[in-house]
Amino acid sequence: MIKIGILTFHFVNNSGAILQCIALQRVLSKLTDVEVEVINYQPYYHTNMYSPITNPFLQAGALVKSLGDKNIAFKIYRYFRNVASSLVKNVHFIERYKKRGIFEEYYKRYLKLSALCRDTSHLRNCRAYDLYIVGSDQLWNSHITNYAIDYAYYLNFVKTDYSRRITYAVSGDLLENEVHQVTSLLNKFDSISVRERKTFNQLHDILLGKDIRIDLDPTMLLTKGDYSALEEKWSLPEKYILFYGLATSDPSVLVQALEQLELRVDLPVIDISSVSYHLKVKTIKKKYFSPGQFLSAIKGAGYVVTNSFHGTAFSILYNRSFYTVLPALHPERLEYLLEKLELKDRIVTSNVSPEHVINWDTTNKLLENERQDSKEYLYSEVEKTRKRTGYGD
């Protein structure tokens, strides 16, 4: 039996992050003679971000260290601003406690996890796998991994060359001074799959001669029928606009899109945003929801307004009429997805047009082609692993 270990952000308070991991595990588990496990790597720096009461000095210290030779006054300012931001979050520790419990209960129910690993030494003592899969999500973005490279997401702990190493739809944003630090580890991967063109171009320039490809986010490897088992009931109106906004430096276009749509279709607005947008339209705010309720909210929506990648992805999967505002940071993954599915006209820059209907037959055919191509990549990598190990011969 082939033992497969998935390494990703599976434990965070974000529906898309958890669902992408569940989806990848489920797609692989459909193969015969495989055992799929999620490597339960939860470094302290990352779990601190989602703890009901965070340590305000841990992240602030890492941020200052990453600033290098910046002016000392600027470093002090950024340090105390970061500490203050964490302390403000701690005021809402009851809300954070409830939210943490909901997400933790959900991923533990649907994921098969290894023993808990907190650092590289734990990972080295964890069980070995025949095939390691890194991805999806922004694992190669140091702004997310405590302002430094986390070498675990480059598999620096794997002790033997007997195991195969691949990535699947991983996102990255390597800084210029980080490139040389990870090149040798990247070259040890048997195959590399990324999620957007920007990461593809960056790695193509670094890893001359290595085959690199772009694949669908794991959530889109499953169909809406596959997600029925993961949905959870929620008390919602019969028809509504779903508003799902992530934090952004300029929310004006997103807010304008929602207000225009609400005025034209006259439906109640369900707001499941992670931040407060101080909306002028009347909304029903939902603070606490599981990834399963997130799925149900999109499935039942008449319209979706979002700046989220996974808010957009699931709107497409459920064939919901959606309007996407590109986020200020890392818009390329959304742009690439919408371009591939011929849906770039759903990107909102000013006005929304609820009369504009999506041709879902065309979209679904394009998505299915992409889905099959991405699945074939994963399945072929499993077969290569099977031949190396001799299992099934």
# chains A, B, ... in the order shown; residues from 1 in each chain; ligands from 1
$ residues_around --residues "region 108-116 of chain A" --least-positions-apart "6" --cutoff "7 Å" --atoms "only C-alpha atoms" --output "number ranges by chain"
A: 22, 37-41
$ residues_around --residues "region 183-188 of chain A" --least-positions-apart "5" --cutoff "10 Å" --atoms "only C-alpha atoms" --output "VMD selection string"
chain A and resid 151 153 to 156 161 164 to 167 178 203 206 to 208 210
$ write_last_selection --atoms "all heavy atoms" --output "CSV table (one decimal), in the first residue's frame"
chain,number,residue,atom,x,y,z
A,151,TYR,N,11.3,26.1,6.3
A,151,TYR,CA,11.9,25.0,5.4
A,151,TYR,C,11.1,23.7,5.5
A,151,TYR,O,11.3,22.9,4.6
A,151,TYR,CB,13.3,24.8,5.8
A,151,TYR,CG,14.2,26.0,5.5
A,151,TYR,CD1,14.6,26.9,6.4
A,151,TYR,CD2,14.7,26.2,4.2
A,151,TYR,CE1,15.4,28.0,6.1
A,151,TYR,CE2,15.5,27.3,3.8
A,151,TYR,CZ,15.8,28.2,4.8
A,151,TYR,OH,16.6,29.3,4.5
A,153,TYR,N,8.1,23.3,4.8
A,153,TYR,CA,7.3,23.3,3.6
A,153,TYR,C,8.0,23.1,2.3
A,153,TYR,O,7.5,23.1,1.2
A,153,TYR,CB,6.4,24.6,3.5
A,153,TYR,CG,5.4,24.7,4.6
A,153,TYR,CD1,5.5,25.7,5.6
A,153,TYR,CD2,4.4,23.8,4.7
A,153,TYR,CE1,4.6,25.8,6.6
A,153,TYR,CE2,3.5,23.8,5.8
A,153,TYR,CZ,3.6,24.8,6.7
A,153,TYR,OH,2.7,24.9,7.8
A,154,TYR,N,9.4,22.9,2.4
A,154,TYR,CA,10.2,22.5,1.3
A,154,TYR,C,10.8,21.1,1.6
A,154,TYR,O,11.7,20.7,0.9
A,154,TYR,CB,11.4,23.5,1.1
A,154,TYR,CG,10.9,24.9,0.8
A,154,TYR,CD1,10.5,25.8,1.7
A,154,TYR,CD2,10.9,25.3,-0.6
A,154,TYR,CE1,10.1,27.1,1.4
A,154,TYR,CE2,10.4,26.6,-0.9
A,154,TYR,CZ,10.1,27.5,0.1
A,154,TYR,OH,9.6,28.7,-0.3
A,155,LEU,N,10.2,20.4,2.6
A,155,LEU,CA,10.5,19.1,2.9
A,155,LEU,C,12.0,18.9,3.4
A,155,LEU,O,12.6,17.9,3.0
A,155,LEU,CB,10.2,18.1,1.8
A,155,LEU,CG,8.7,18.1,1.4
A,155,LEU,CD1,8.5,17.1,0.2
A,155,LEU,CD2,7.8,17.8,2.5
A,156,ASN,N,12.5,19.8,4.1
A,156,ASN,CA,13.9,19.7,4.6
A,156,ASN,C,14.1,18.6,5.6
A,156,ASN,O,15.2,18.1,5.9
A,156,ASN,CB,14.4,21.0,5.2
A,156,ASN,CG,13.8,21.3,6.5
A,156,ASN,OD1,12.6,21.0,6.7
A,156,ASN,ND2,14.5,22.0,7.4
A,161,ASP,N,16.1,9.7,0.2
A,161,ASP,CA,15.8,9.9,-1.2
A,161,ASP,C,14.9,8.8,-1.8
A,161,ASP,O,14.5,8.9,-3.0
A,161,ASP,CB,17.1,10.0,-2.1
A,161,ASP,CG,17.9,11.3,-1.7
A,161,ASP,OD1,17.2,12.3,-1.3
A,161,ASP,OD2,19.1,11.3,-1.9
A,164,ARG,N,9.4,9.9,-2.8
A,164,ARG,CA,9.2,10.9,-3.8
A,164,ARG,C,8.6,12.1,-3.2
A,164,ARG,O,7.8,12.1,-2.3
A,164,ARG,CB,8.3,10.3,-4.9
A,164,ARG,CG,8.9,9.1,-5.6
A,164,ARG,CD,8.1,8.7,-6.9
A,164,ARG,NE,8.3,9.6,-8.0
A,164,ARG,CZ,7.4,10.5,-8.4
A,164,ARG,NH1,6.2,10.6,-7.9
A,164,ARG,NH2,7.6,11.3,-9.4
A,165,ARG,N,8.9,13.3,-3.8
A,165,ARG,CA,8.4,14.6,-3.3
A,165,ARG,C,7.8,15.3,-4.5
A,165,ARG,O,8.5,15.5,-5.5
A,165,ARG,CB,9.6,15.4,-2.8
A,165,ARG,CG,10.5,14.6,-1.9
A,165,ARG,CD,11.7,15.4,-1.5
A,165,ARG,NE,12.8,14.6,-1.0
A,165,ARG,CZ,13.8,15.1,-0.2
A,165,ARG,NH1,13.8,16.4,0.2
A,165,ARG,NH2,14.7,14.3,0.3
A,166,ILE,N,6.6,15.8,-4.3
A,166,ILE,CA,6.0,16.6,-5.3
A,166,ILE,C,5.2,17.7,-4.7
A,166,ILE,O,5.0,17.7,-3.4
A,166,ILE,CB,5.0,15.8,-6.2
A,166,ILE,CG1,3.7,15.4,-5.5
A,166,ILE,CG2,5.7,14.6,-6.9
A,166,ILE,CD1,2.6,14.9,-6.3
A,167,THR,N,4.8,18.8,-5.4
A,167,THR,CA,3.9,19.8,-4.9
A,167,THR,C,2.6,19.7,-5.7
A,167,THR,O,2.6,19.1,-6.8
A,167,THR,CB,4.5,21.2,-5.1
A,167,THR,OG1,4.4,21.6,-6.4
A,167,THR,CG2,5.9,21.3,-4.5
A,178,GLU,N,15.4,35.4,-0.9
A,178,GLU,CA,15.1,34.1,-0.4
A,178,GLU,C,15.4,33.0,-1.4
A,178,GLU,O,15.5,31.8,-1.1
A,178,GLU,CB,13.6,34.0,0.0
A,178,GLU,CG,13.3,34.9,1.2
A,178,GLU,CD,11.8,34.9,1.4
A,178,GLU,OE1,11.0,34.6,0.5
A,178,GLU,OE2,11.3,35.3,2.5
A,203,LEU,N,9.5,30.3,-10.5
A,203,LEU,CA,10.2,29.0,-10.4
A,203,LEU,C,10.8,28.6,-11.7
A,203,LEU,O,11.9,27.9,-11.6
A,203,LEU,CB,9.2,28.0,-9.8
A,203,LEU,CG,8.6,28.2,-8.4
A,203,LEU,CD1,7.8,27.0,-8.0
A,203,LEU,CD2,9.7,28.5,-7.4
A,206,ILE,N,14.1,30.0,-11.8
A,206,ILE,CA,15.0,29.5,-10.8
A,206,ILE,C,15.5,28.1,-11.1
A,206,ILE,O,16.7,27.8,-11.1
A,206,ILE,CB,14.4,29.5,-9.4
A,206,ILE,CG1,14.0,30.9,-8.9
A,206,ILE,CG2,15.3,28.8,-8.4
A,206,ILE,CD1,13.1,30.9,-7.7
A,207,LEU,N,14.5,27.3,-11.5
A,207,LEU,CA,14.8,25.8,-11.7
A,207,LEU,C,14.9,25.5,-13.2
A,207,LEU,O,14.0,24.9,-13.8
A,207,LEU,CB,13.7,25.0,-11.1
A,207,LEU,CG,13.4,25.4,-9.6
A,207,LEU,CD1,12.2,24.6,-9.1
A,207,LEU,CD2,14.6,25.0,-8.7
A,208,LEU,N,15.9,25.9,-13.8
A,208,LEU,CA,16.1,25.7,-15.3
A,208,LEU,C,16.1,24.2,-15.6
A,208,LEU,O,16.8,23.4,-15.0
A,208,LEU,CB,17.4,26.4,-15.7
A,208,LEU,CG,17.5,27.9,-15.6
A,208,LEU,CD1,18.8,28.4,-16.0
A,208,LEU,CD2,16.4,28.6,-16.3
A,210,LYS,N,13.7,22.0,-15.1
A,210,LYS,CA,12.7,21.2,-14.3
A,210,LYS,C,11.3,21.5,-14.8
A,210,LYS,O,11.0,22.6,-15.2
A,210,LYS,CB,12.8,21.6,-12.8
A,210,LYS,CG,11.9,20.7,-12.0
A,210,LYS,CD,12.1,20.9,-10.5
A,210,LYS,CE,13.4,20.2,-10.0
A,210,LYS,NZ,13.3,18.8,-10.0
$ atom_distance --atom1 "CA of Asn146 (chain A)" --atom2 "CA of Ala62 (chain A)"
6.2 Å
$ select_by_dssp --residues "region 25-70 of chain A" --states "alpha helix (DSSP H)" --output "JSON, numbers by chain"
{"A": [25, 26, 27, 28, 29, 44, 45, 46, 47, 48, 49, 50, 56, 57, 58, 59, 60, 61, 62, 63, 64, 65, 66]}
$ closest_residue --among "A:Leu216, A:Leu19, A:Leu28, A:Leu254" --to "Ser380 (chain A)" --atoms "only C-alpha atoms"
A:Leu28
$ residues_around --residues "Pro52 (chain A)" --least-positions-apart "4" --cutoff "10 Å" --atoms "only C-alpha atoms" --output "PyMOL selection string"
chain A and resi 47-48+89-101
$ write_last_selection --atoms "N, CA and C atoms" --output "PDB file, in the first residue's frame"
ATOM      1  N   THR A  47       0.013  28.615  14.968  1.00  0.00           N
ATOM      2  CA  THR A  47      -1.143  28.397  15.846  1.00  0.00           C
ATOM      3  C   THR A  47      -1.352  29.593  16.769  1.00  0.00           C
ATOM      4  N   ASN A  48      -0.280  30.337  17.053  1.00  0.00           N
ATOM      5  CA  ASN A  48      -0.413  31.544  17.877  1.00  0.00           C
ATOM      6  C   ASN A  48      -1.350  32.557  17.220  1.00  0.00           C
ATOM      7  N   LYS A  89      -6.824  42.281  19.166  1.00  0.00           N
ATOM      8  CA  LYS A  89      -7.455  40.993  18.872  1.00  0.00           C
ATOM      9  C   LYS A  89      -7.779  40.234  20.153  1.00  0.00           C
ATOM     10  N   ASN A  90      -6.887  40.320  21.141  1.00  0.00           N
ATOM     11  CA  ASN A  90      -7.084  39.575  22.385  1.00  0.00           C
ATOM     12  C   ASN A  90      -8.294  40.054  23.175  1.00  0.00           C
ATOM     13  N   VAL A  91      -8.712  41.282  22.939  1.00  0.00           N
ATOM     14  CA  VAL A  91      -9.913  41.795  23.597  1.00  0.00           C
ATOM     15  C   VAL A  91     -11.126  40.947  23.219  1.00  0.00           C
ATOM     16  N   HIS A  92     -11.089  40.389  22.011  1.00  0.00           N
ATOM     17  CA  HIS A  92     -12.204  39.590  21.507  1.00  0.00           C
ATOM     18  C   HIS A  92     -11.933  38.093  21.692  1.00  0.00           C
ATOM     19  N   PHE A  93     -11.333  37.733  22.817  1.00  0.00           N
ATOM     20  CA  PHE A  93     -10.892  36.342  22.994  1.00  0.00           C
ATOM     21  C   PHE A  93     -12.063  35.367  23.059  1.00  0.00           C
ATOM     22  N   ILE A  94     -13.236  35.806  23.513  1.00  0.00           N
ATOM     23  CA  ILE A  94     -14.385  34.893  23.570  1.00  0.00           C
ATOM     24  C   ILE A  94     -14.827  34.527  22.154  1.00  0.00           C
ATOM     25  N   GLU A  95     -14.914  35.531  21.273  1.00  0.00           N
ATOM     26  CA  GLU A  95     -15.272  35.267  19.879  1.00  0.00           C
ATOM     27  C   GLU A  95     -14.222  34.375  19.221  1.00  0.00           C
ATOM     28  N   ARG A  96     -12.952  34.672  19.498  1.00  0.00           N
ATOM     29  CA  ARG A  96     -11.866  33.886  18.913  1.00  0.00           C
ATOM     30  C   ARG A  96     -11.902  32.438  19.412  1.00  0.00           C
ATOM     31  N   TYR A  97     -12.253  32.267  20.684  1.00  0.00           N
ATOM     32  CA  TYR A  97     -12.345  30.926  21.274  1.00  0.00           C
ATOM     33  C   TYR A  97     -13.444  30.114  20.584  1.00  0.00           C
ATOM     34  N   LYS A  98     -14.597  30.729  20.368  1.00  0.00           N
ATOM     35  CA  LYS A  98     -15.716  30.039  19.711  1.00  0.00           C
ATOM     36  C   LYS A  98     -15.346  29.660  18.277  1.00  0.00           C
ATOM     37  N   LYS A  99     -14.759  30.619  17.571  1.00  0.00           N
ATOM     38  CA  LYS A  99     -14.399  30.377  16.182  1.00  0.00           C
ATOM     39  C   LYS A  99     -13.370  29.270  16.068  1.00  0.00           C
ATOM     40  N   ARG A 100     -12.370  29.290  16.947  1.00  0.00           N
ATOM     41  CA  ARG A 100     -11.323  28.264  16.917  1.00  0.00           C
ATOM     42  C   ARG A 100     -11.927  26.883  17.122  1.00  0.00           C
ATOM     43  N   GLY A 101     -12.848  26.779  18.073  1.00  0.00           N
ATOM     44  CA  GLY A 101     -13.469  25.488  18.362  1.00  0.00           C
ATOM     45  C   GLY A 101     -14.251  24.939  17.186  1.00  0.00           C
TER      46      GLY A 101
END
$ residues_around --residues "Gln256 (chain A)" --least-positions-apart "3" --cutoff "10 Å" --atoms "only C-alpha atoms" --output "list in words"
Pro251, Ser252, Val253, Glu259, Gln260, Leu261, Glu262, Leu279, Lys280, Val348, Thr349, Ser350, Asn351 and Val352 of chain A
$ closest_atom_pairs --of "region 7-72 of chain A" --to "region 304-319 of chain A" --cutoff "12 Å" --atoms "only C-alpha atoms" --output "JSON lines"
{"residue": "A:Asn14", "atom": "CA", "partner": "A:His310", "partner_atom": "CA", "distance": 9.8}
{"residue": "A:Ser15", "atom": "CA", "partner": "A:His310", "partner_atom": "CA", "distance": 8.3}
{"residue": "A:Gly16", "atom": "CA", "partner": "A:His310", "partner_atom": "CA", "distance": 5.4}
{"residue": "A:Ala17", "atom": "CA", "partner": "A:His310", "partner_atom": "CA", "distance": 8.5}
{"residue": "A:Ile18", "atom": "CA", "partner": "A:His310", "partner_atom": "CA", "distance": 10.8}
{"residue": "A:Leu19", "atom": "CA", "partner": "A:His310", "partner_atom": "CA", "distance": 9.2}
{"residue": "A:Gln20", "atom": "CA", "partner": "A:His310", "partner_atom": "CA", "distance": 9.0}
$ atom_distance --atom1 "CA of Ala84 (chain A)" --atom2 "CA of Asp137 (chain A)"
28.0 Å
$ select_by_dssp --residues "region 151-364 of chain A" --states "strand (DSSP E or B)" --output "PyMOL selection string"
chain A and resi 164-167+170-172+191-194+212-214+241-244+269-271+283-285+303-306+321-324+347
$ closest_residue --among "A:Arg26, A:Pro218, A:Pro291, A:Val134" --to "Val12 (chain A)" --atoms "only C-alpha atoms"
A:Pro291
$ closest_residue --among "A:Gln181, A:Asp250, A:Ile284, A:Ala169" --to "Ile212 (chain A)" --atoms "only C-alpha atoms"
A:Ala169
$ closest_residue --among "A:Tyr303, A:Ile2, A:Ile102, A:Thr362" --to "Lys384 (chain A)" --atoms "only C-alpha atoms"
A:Ile2
$ atom_distance --atom1 "CA of Gly292 (chain A)" --atom2 "CA of Lys30 (chain A)"
21.1 Å
$ residues_around --residues "Glu335 (chain A)" --least-positions-apart "3" --cutoff "10 Å" --atoms "only C-alpha atoms" --output "MDAnalysis selection string"
chainID A and resid 196:197 309 324 326 330:332 338:340 343:344 347
$ residues_around --residues "Ser136 (chain A)" --least-positions-apart "3" --cutoff "9 Å" --atoms "only C-alpha atoms" --output "list in words"
Leu7, Thr8, Phe9, Ala17, Gln20, Cys21, Leu24, Ile133, Leu139, Thr167, Tyr168, Ala169, Val170, Ser171, Val194, Arg195, Asp217 and Pro218 of chain A
$ closest_residue --among "A:Gln25, A:Ser66, A:Leu87, A:Ser290" --to "Met49 (chain A)" --atoms "only C-alpha atoms"
A:Leu87
$ closest_residue --among "A:Tyr50, A:Tyr45, A:Phe80, A:Tyr106" --to "Glu231 (chain A)" --atoms "only C-alpha atoms"
A:Tyr106
